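Student: Here you go, this is final-v8.cif (mmCIF, C-alpha atoms).
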data_upload
#
loop_
_atom_site.label_atom_id
_atom_site.label_comp_id
_atom_site.auth_asym_id
_atom_site.auth_seq_id
_atom_site.Cartn_x
_atom_site.Cartn_y
_atom_site.Cartn_z
CA MET A 1 -21.09 29.92 89.31
CA SER A 2 -19.42 26.93 90.92
CA LEU A 3 -16.34 26.34 88.77
CA PRO A 4 -13.79 23.69 89.72
CA PRO A 5 -10.47 24.78 91.33
CA VAL A 6 -8.50 22.62 88.87
CA GLU A 7 -9.13 21.77 85.22
CA SER A 8 -11.57 18.86 85.04
CA CYS A 9 -12.34 16.66 82.09
CA LEU A 10 -15.00 14.16 80.99
CA LYS A 11 -14.91 12.02 77.85
CA ILE A 12 -18.04 10.44 76.43
CA SER A 13 -18.64 8.64 73.18
CA ILE A 14 -21.70 7.69 71.16
CA ASP A 15 -22.36 5.73 68.02
CA SER A 16 -22.71 7.83 64.87
CA ARG A 17 -26.51 7.88 64.94
CA LEU A 18 -28.69 10.97 65.22
CA ASP A 19 -30.96 9.16 67.68
CA GLN A 20 -28.02 8.92 70.10
CA VAL A 21 -27.18 12.62 70.15
CA PHE A 22 -29.63 13.31 72.98
CA LEU A 23 -27.16 11.57 75.31
CA VAL A 24 -24.48 14.16 74.57
CA SER A 25 -27.12 16.86 74.81
CA HIS A 26 -28.19 15.75 78.30
CA ALA A 27 -24.58 15.45 79.47
CA VAL A 28 -23.77 19.00 78.34
CA ARG A 29 -26.93 20.37 79.90
CA GLY A 30 -26.30 18.55 83.17
CA ILE A 31 -22.70 19.68 83.52
CA CYS A 32 -23.35 23.29 82.51
CA SER A 33 -26.38 23.53 84.81
CA GLN A 34 -24.38 22.16 87.75
CA LEU A 35 -21.66 24.73 87.08
CA GLY A 36 -24.32 27.35 87.75
CA LEU A 37 -24.29 28.85 84.26
CA GLU A 38 -27.29 30.95 83.31
CA LYS A 39 -30.19 28.99 81.75
CA ILE A 40 -30.05 30.58 78.29
CA LEU A 41 -26.28 30.08 78.12
CA VAL A 42 -26.71 26.42 79.09
CA TYR A 43 -29.20 26.02 76.23
CA LYS A 44 -26.92 27.74 73.72
CA LEU A 45 -23.90 25.62 74.70
CA GLU A 46 -26.01 22.46 74.49
CA LEU A 47 -27.29 23.60 71.10
CA ALA A 48 -23.82 24.38 69.73
CA VAL A 49 -22.47 20.98 70.79
CA VAL A 50 -25.50 19.17 69.36
CA GLU A 51 -25.01 21.03 66.07
CA ALA A 52 -21.35 19.99 65.99
CA VAL A 53 -22.17 16.34 66.73
CA ASN A 54 -25.00 16.31 64.15
CA ASN A 55 -22.60 17.79 61.62
CA THR A 56 -20.01 15.11 62.36
CA ILE A 57 -22.55 12.30 61.96
CA LYS A 58 -24.07 13.72 58.77
CA HIS A 59 -20.93 14.89 57.01
CA ALA A 60 -17.83 13.22 58.48
CA TYR A 61 -19.57 9.82 58.60
CA GLY A 62 -22.16 10.40 55.85
CA SER A 63 -24.98 9.40 58.27
CA ARG A 64 -23.57 5.87 58.50
CA PRO A 65 -23.94 4.24 61.94
CA GLY A 66 -21.28 2.09 63.53
CA HIS A 67 -18.62 4.77 64.02
CA VAL A 68 -17.53 6.53 67.18
CA VAL A 69 -18.15 10.19 67.94
CA GLU A 70 -16.11 11.28 70.94
CA VAL A 71 -16.95 14.36 72.98
CA ILE A 72 -14.45 15.67 75.53
CA ILE A 73 -15.70 18.31 77.95
CA THR A 74 -13.03 20.28 79.79
CA VAL A 75 -13.90 22.80 82.46
CA SER A 76 -11.54 25.28 84.09
CA ARG A 77 -12.09 28.52 85.96
CA GLU A 78 -11.61 30.48 82.73
CA ARG A 79 -13.46 28.48 80.10
CA ILE A 80 -15.44 25.45 79.11
CA ARG A 81 -14.25 23.57 76.05
CA PHE A 82 -15.94 20.87 74.00
CA GLU A 83 -13.90 18.74 71.62
CA ILE A 84 -15.89 16.71 69.09
CA CYS A 85 -13.69 14.06 67.50
CA ASP A 86 -14.25 11.56 64.70
CA ALA A 87 -12.33 9.26 62.38
CA GLY A 88 -14.38 10.17 59.31
CA GLU A 89 -13.94 12.54 56.41
CA VAL A 90 -12.08 15.79 56.98
CA LEU A 91 -14.62 18.60 56.87
CA ASP A 92 -14.40 22.00 55.29
CA LEU A 93 -15.87 24.51 57.71
CA PRO A 94 -16.92 27.60 55.76
CA LYS A 95 -17.32 30.88 57.60
CA GLY A 96 -20.43 32.30 56.04
CA GLU A 97 -22.35 35.40 56.87
CA ARG A 98 -24.49 34.80 59.89
CA PHE A 99 -28.21 34.45 59.26
CA ASN A 100 -28.15 36.78 56.30
CA TYR A 101 -31.62 36.36 54.82
CA ASN A 102 -34.69 38.45 54.24
CA PRO A 103 -37.32 37.50 56.85
CA ARG A 104 -40.11 38.76 54.59
CA ASP A 105 -39.07 36.54 51.67
CA ARG A 106 -40.78 33.30 52.66
CA LYS A 107 -39.48 31.37 49.66
CA GLY A 108 -35.89 32.32 50.47
CA LEU A 109 -35.89 31.34 54.15
CA PRO A 110 -33.16 28.87 55.14
CA GLU A 111 -34.30 25.31 55.88
CA GLY A 112 -30.78 24.05 56.58
CA GLY A 113 -27.20 25.16 56.92
CA MET A 114 -27.83 26.97 60.19
CA GLY A 115 -25.77 24.66 62.43
CA LEU A 116 -22.36 26.17 61.77
CA GLN A 117 -23.77 29.66 62.01
CA ILE A 118 -25.21 28.82 65.43
CA ILE A 119 -21.82 27.46 66.56
CA GLN A 120 -20.09 30.63 65.35
CA GLU A 121 -22.67 32.80 67.10
CA VAL A 122 -22.42 30.99 70.45
CA MET A 123 -18.75 30.07 70.81
CA ASP A 124 -15.73 32.33 71.43
CA GLU A 125 -13.05 29.95 70.14
CA ILE A 126 -13.44 27.49 67.26
CA THR A 127 -10.59 25.39 65.91
CA TYR A 128 -10.48 22.29 63.73
CA HIS A 129 -7.38 20.12 63.97
CA ARG A 130 -6.01 16.59 63.79
CA ARG A 131 -5.23 14.63 66.96
CA GLY A 132 -3.57 11.39 65.94
CA GLU A 133 -5.96 9.68 63.56
CA LEU A 134 -8.90 11.84 64.64
CA ASN A 135 -10.43 15.06 63.33
CA CYS A 136 -11.30 17.31 66.26
CA LEU A 137 -13.53 20.33 66.32
CA SER A 138 -12.76 22.32 69.45
CA LEU A 139 -15.35 24.78 70.76
CA GLY A 140 -14.45 27.08 73.61
CA LYS A 141 -16.52 29.48 75.66
CA ARG A 142 -14.94 31.92 78.08
CA LEU A 143 -16.57 32.03 81.48
CA GLU A 144 -16.68 35.37 83.24
CA MET B 1 -43.28 11.65 67.09
CA MET B 2 -46.38 12.17 69.23
CA ILE B 3 -48.33 15.21 68.04
CA GLU B 4 -51.65 16.41 69.46
CA GLU B 5 -53.93 18.01 66.85
CA MET B 6 -56.95 20.11 67.79
CA LYS B 7 -59.21 22.02 65.43
CA ASN B 8 -60.48 25.41 66.59
CA GLY B 9 -62.71 26.85 63.85
CA ARG B 10 -60.54 27.17 60.78
CA VAL B 11 -57.37 27.05 62.89
CA LEU B 12 -55.47 23.84 63.60
CA VAL B 13 -53.53 23.77 66.87
CA ILE B 14 -50.56 21.40 66.77
CA LYS B 15 -48.89 20.41 70.03
CA PRO B 16 -45.83 18.13 69.90
CA ARG B 17 -45.96 15.83 72.93
CA GLU B 18 -42.19 15.45 72.94
CA ARG B 19 -39.45 17.42 74.67
CA ARG B 20 -37.23 17.61 71.59
CA ILE B 21 -37.63 18.59 67.95
CA ASP B 22 -34.18 17.69 66.73
CA ALA B 23 -32.30 15.98 63.93
CA ALA B 24 -33.64 12.61 65.10
CA SER B 25 -37.31 13.63 65.09
CA ALA B 26 -37.56 16.51 62.61
CA ASN B 27 -38.46 14.33 59.63
CA ALA B 28 -41.45 12.78 61.38
CA PHE B 29 -42.62 16.23 62.46
CA LYS B 30 -42.22 17.66 58.96
CA THR B 31 -43.94 14.71 57.28
CA ARG B 32 -47.04 14.92 59.51
CA LEU B 33 -47.35 18.68 59.13
CA LYS B 34 -47.00 18.46 55.35
CA GLU B 35 -49.76 15.82 55.29
CA LEU B 36 -52.02 18.22 57.16
CA ILE B 37 -51.24 21.02 54.71
CA GLN B 38 -51.95 18.71 51.78
CA GLY B 39 -55.27 18.01 53.56
CA ARG B 40 -56.05 21.74 53.12
CA GLU B 41 -55.13 23.02 56.58
CA ARG B 42 -54.05 26.64 56.03
CA PHE B 43 -53.93 28.23 59.50
CA ILE B 44 -51.70 26.46 61.97
CA VAL B 45 -50.74 27.31 65.54
CA LEU B 46 -47.68 25.43 66.77
CA ASP B 47 -47.88 25.07 70.55
CA LEU B 48 -44.35 24.48 71.90
CA ALA B 49 -45.32 24.26 75.58
CA GLU B 50 -43.84 20.80 76.06
CA VAL B 51 -40.75 21.28 73.90
CA ASP B 52 -37.57 22.18 75.77
CA PHE B 53 -35.01 21.68 72.99
CA ILE B 54 -35.02 22.51 69.28
CA ASP B 55 -31.88 22.29 67.15
CA SER B 56 -31.29 23.80 63.71
CA THR B 57 -32.73 20.72 61.96
CA GLY B 58 -35.92 21.03 64.02
CA LEU B 59 -36.07 24.74 63.30
CA GLY B 60 -35.49 24.02 59.61
CA ALA B 61 -38.45 21.62 59.68
CA ILE B 62 -40.68 24.39 61.08
CA VAL B 63 -39.46 26.70 58.29
CA THR B 64 -40.21 23.97 55.72
CA VAL B 65 -43.78 23.77 57.00
CA LEU B 66 -44.18 27.54 56.74
CA LYS B 67 -42.87 27.45 53.16
CA ALA B 68 -45.20 24.55 52.31
CA LEU B 69 -48.12 26.87 53.06
CA GLY B 70 -46.95 29.09 50.21
CA GLY B 71 -48.54 32.50 50.22
CA ASP B 72 -51.87 30.99 51.13
CA GLY B 73 -51.80 30.34 54.86
CA GLU B 74 -50.03 31.08 58.12
CA LEU B 75 -48.06 29.30 60.80
CA VAL B 76 -47.56 30.97 64.16
CA ILE B 77 -45.82 29.85 67.34
CA CYS B 78 -47.14 29.90 70.89
CA ASN B 79 -45.96 29.03 74.39
CA PRO B 80 -42.24 28.70 73.65
CA ARG B 81 -40.03 28.29 76.69
CA GLU B 82 -37.46 31.00 77.36
CA THR B 83 -34.70 28.74 76.05
CA VAL B 84 -36.52 27.85 72.83
CA SER B 85 -37.33 31.55 72.32
CA SER B 86 -33.61 32.23 72.50
CA LEU B 87 -33.08 29.96 69.46
CA PHE B 88 -35.58 32.03 67.45
CA ARG B 89 -33.73 35.20 68.46
CA LEU B 90 -30.29 33.69 67.81
CA THR B 91 -31.25 32.69 64.26
CA ARG B 92 -33.33 35.86 63.70
CA MET B 93 -36.37 33.64 63.15
CA ASN B 94 -38.28 35.81 65.63
CA ARG B 95 -38.55 38.21 62.66
CA VAL B 96 -40.15 35.48 60.55
CA PHE B 97 -42.64 33.89 62.91
CA GLN B 98 -45.25 35.60 65.03
CA ILE B 99 -44.79 34.30 68.58
CA PHE B 100 -47.59 34.40 71.17
CA SER B 101 -47.66 33.58 74.86
CA SER B 102 -50.92 31.59 74.81
CA VAL B 103 -52.90 29.36 72.45
CA GLU B 104 -55.94 31.64 72.80
CA GLU B 105 -53.97 34.71 71.73
CA ALA B 106 -52.41 32.83 68.80
CA VAL B 107 -55.75 31.44 67.59
CA ALA B 108 -57.49 34.83 67.89
CA ASN B 109 -54.70 36.49 65.93
CA ILE B 110 -54.40 33.95 63.14
CA ALA B 111 -58.19 33.57 62.78
CA GLY B 112 -58.53 37.32 62.42
CA ASP B 113 -55.98 37.54 59.59
#
Kindly return the structure encoded in the file as structure tokens.

Tutor:
Amino acid sequence: MSLPPVESCLKISIDSRLDQVFLVSHAVRGICSQLGLEKILVYKLELAVVEAVNNTIKHAYGSRPGHVVEVIITVSRERIRFEICDAGEVLDLPKGERFNYNPRDRKGLPEGGMGLQIIQEVMDEITYHRRGELNCLSLGKRLE
Amino acid sequence: MMIEEMKNGRVLVIKPRERRIDAASANAFKTRLKELIQGRERFIVLDLAEVDFIDSTGLGAIVTVLKALGGDGELVICNPRETVSSLFRLTRMNRVFQIFSSVEEAVANIAGD
């Protein structure tokens, strides 16, 4: 891994449209890859951040374009942290059981609601807080 | 969404020609696949060779297609990249879908069902 000697930070923002999320996705993938993280971990971090941004667009902004979604990526020698911030509705983040379904019951398979479970599965630290006028979901992953 | 469709006997091989099946493209994917099922396609191989990112909405669309087949058909996956395979494992969907490493293997298996 090639982690920076001092904490480093990048802030990006996109419009609240699902067709813009790929930009965040590519940024996360690029940064994590350059840090030398393992390929599967890079994918999982990219996935967790995409899920968080999708969630913000769909639920905090009700899928309405024209609002800002801010993503702050902070890298230190100990961890990488992603803060996803919005000025929309405050979200309730339930902690459900992870992927608790019967794989042989085709009718009962989940078609949605997997995003938060993925985030919980991938990330070590998850907090949701206010920063000024913004709601911020903070996702941290410890780096060995 | 660009999707390649190729009939092989009674099996339809579907190959998305996009790198992502995500929240932005999942609806188009789901709509086309449901049209094919309504057109009486029952045995579908989903070739993910060109897909390098699927999010939970994309995965949910694949599940929707499987459910649309009811008890009267099958959908299997082939050629997933290592990263995409990790999503199936993470969500336990590797216990739902049969996953093959080549189109030929997938077609032979589903046609023999």

Student: Report, in Å with one decimal, the straight-line distance from atom CA of A:Leu18 to atom CA of A:Val50.

Tutor: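 A separation of 9.7 Å between them.
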
Student: Show me which bits of chain B are within 12 Å of chain A, counting all atoms listed in the file, as a PyMOL selection string.

Tutor: chain B and resi 19-27+30+52-75+81-98

Student: Would you translate the PyMOL selection byres ((chain A and resi 128-144) around 6) into the concrete set of residues it matches in this file, as an mmCIF file with C-alpha atoms, keeping the file's coordinate frame?

Tutor:
data_model
loop_
_atom_site.group_PDB
_atom_site.id
_atom_site.type_symbol
_atom_site.label_atom_id
_atom_site.label_comp_id
_atom_site.auth_asym_id
_atom_site.auth_seq_id
_atom_site.Cartn_x
_atom_site.Cartn_y
_atom_site.Cartn_z
ATOM 1 C CA GLU A 78 -11.610 30.480 82.730
ATOM 2 C CA ARG A 79 -13.460 28.480 80.100
ATOM 3 C CA ILE A 80 -15.440 25.450 79.110
ATOM 4 C CA ARG A 81 -14.250 23.570 76.050
ATOM 5 C CA PHE A 82 -15.940 20.870 74.000
ATOM 6 C CA GLU A 83 -13.900 18.740 71.620
ATOM 7 C CA ILE A 84 -15.890 16.710 69.090
ATOM 8 C CA CYS A 85 -13.690 14.060 67.500
ATOM 9 C CA ASP A 86 -14.250 11.560 64.700
ATOM 10 C CA ALA A 87 -12.330 9.260 62.380
ATOM 11 C CA MET A 123 -18.750 30.070 70.810
ATOM 12 C CA ASP A 124 -15.730 32.330 71.430
ATOM 13 C CA GLU A 125 -13.050 29.950 70.140
ATOM 14 C CA ILE A 126 -13.440 27.490 67.260
ATOM 15 C CA THR A 127 -10.590 25.390 65.910
#

Student: How many Å separate atom CA of A:Met1 from atom CA of B:Asn79?

Tutor: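 Rounded to one decimal, the two atoms are 29.0 Å apart.
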
Student: Decode the PyMOL selection byres ((chain B and resi 44) around 8) for the given file into explicit residues and return them as a VMD selection string.

Tutor: chain B and resid 11 to 14 41 to 43 45 to 46 74 to 76

Student: Quick one: pull the distance between atom CA of A:Thr74 and atom CA of A:Ser16, Å, one decimal.

Tutor: 21.7 Å

Student: Using all atoms listed in the file, which residue out of A:Ser33, A:Asn55, A:Gln120, A:Ser76 lies closest to A:Val6?

Tutor: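 Of all the options, A:Ser76 lies closest to A:Val6.
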
Student: List the residues matched by the PyMOL selection byres ((chain A and resi 68) around 6) in the displayed structure as a ChimeraX atom specification, ordered by chain and then by residue number.

Tutor: /A:14-16,67,69

Student: Could you pull the residues within 8 Å of B:Met1, counting all atoms listed in the file, minus those fewer than 4 positions along the same chain, as JSON, numbers by chain?

Tutor: {"B": [16, 17, 18, 25, 28, 29]}

Student: With all atoms listed in the file as the atoms that count, which of A:Val28, A:Leu91, A:Ser2, A:Lys11 lies nearest to A:Arg77?

Tutor: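 Closest to A:Arg77, using all atoms listed in the file: A:Ser2.
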
Student: Using only C-alpha atoms, can you tell me which of A:Val49, A:Ile57, A:Ala27, A:Leu37 comes closest to A:Glu89?

Tutor: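 The closest residue to A:Glu89 is A:Ile57.
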
Student: Any idea what's packed within 6 Å of stretch 99-108 of chain B, counting all atoms listed in the file, ignoring anything in its chain fewer than 3 positions away? Could you give it as an NGL selection string?

Tutor: :B and (77-79 or 111)
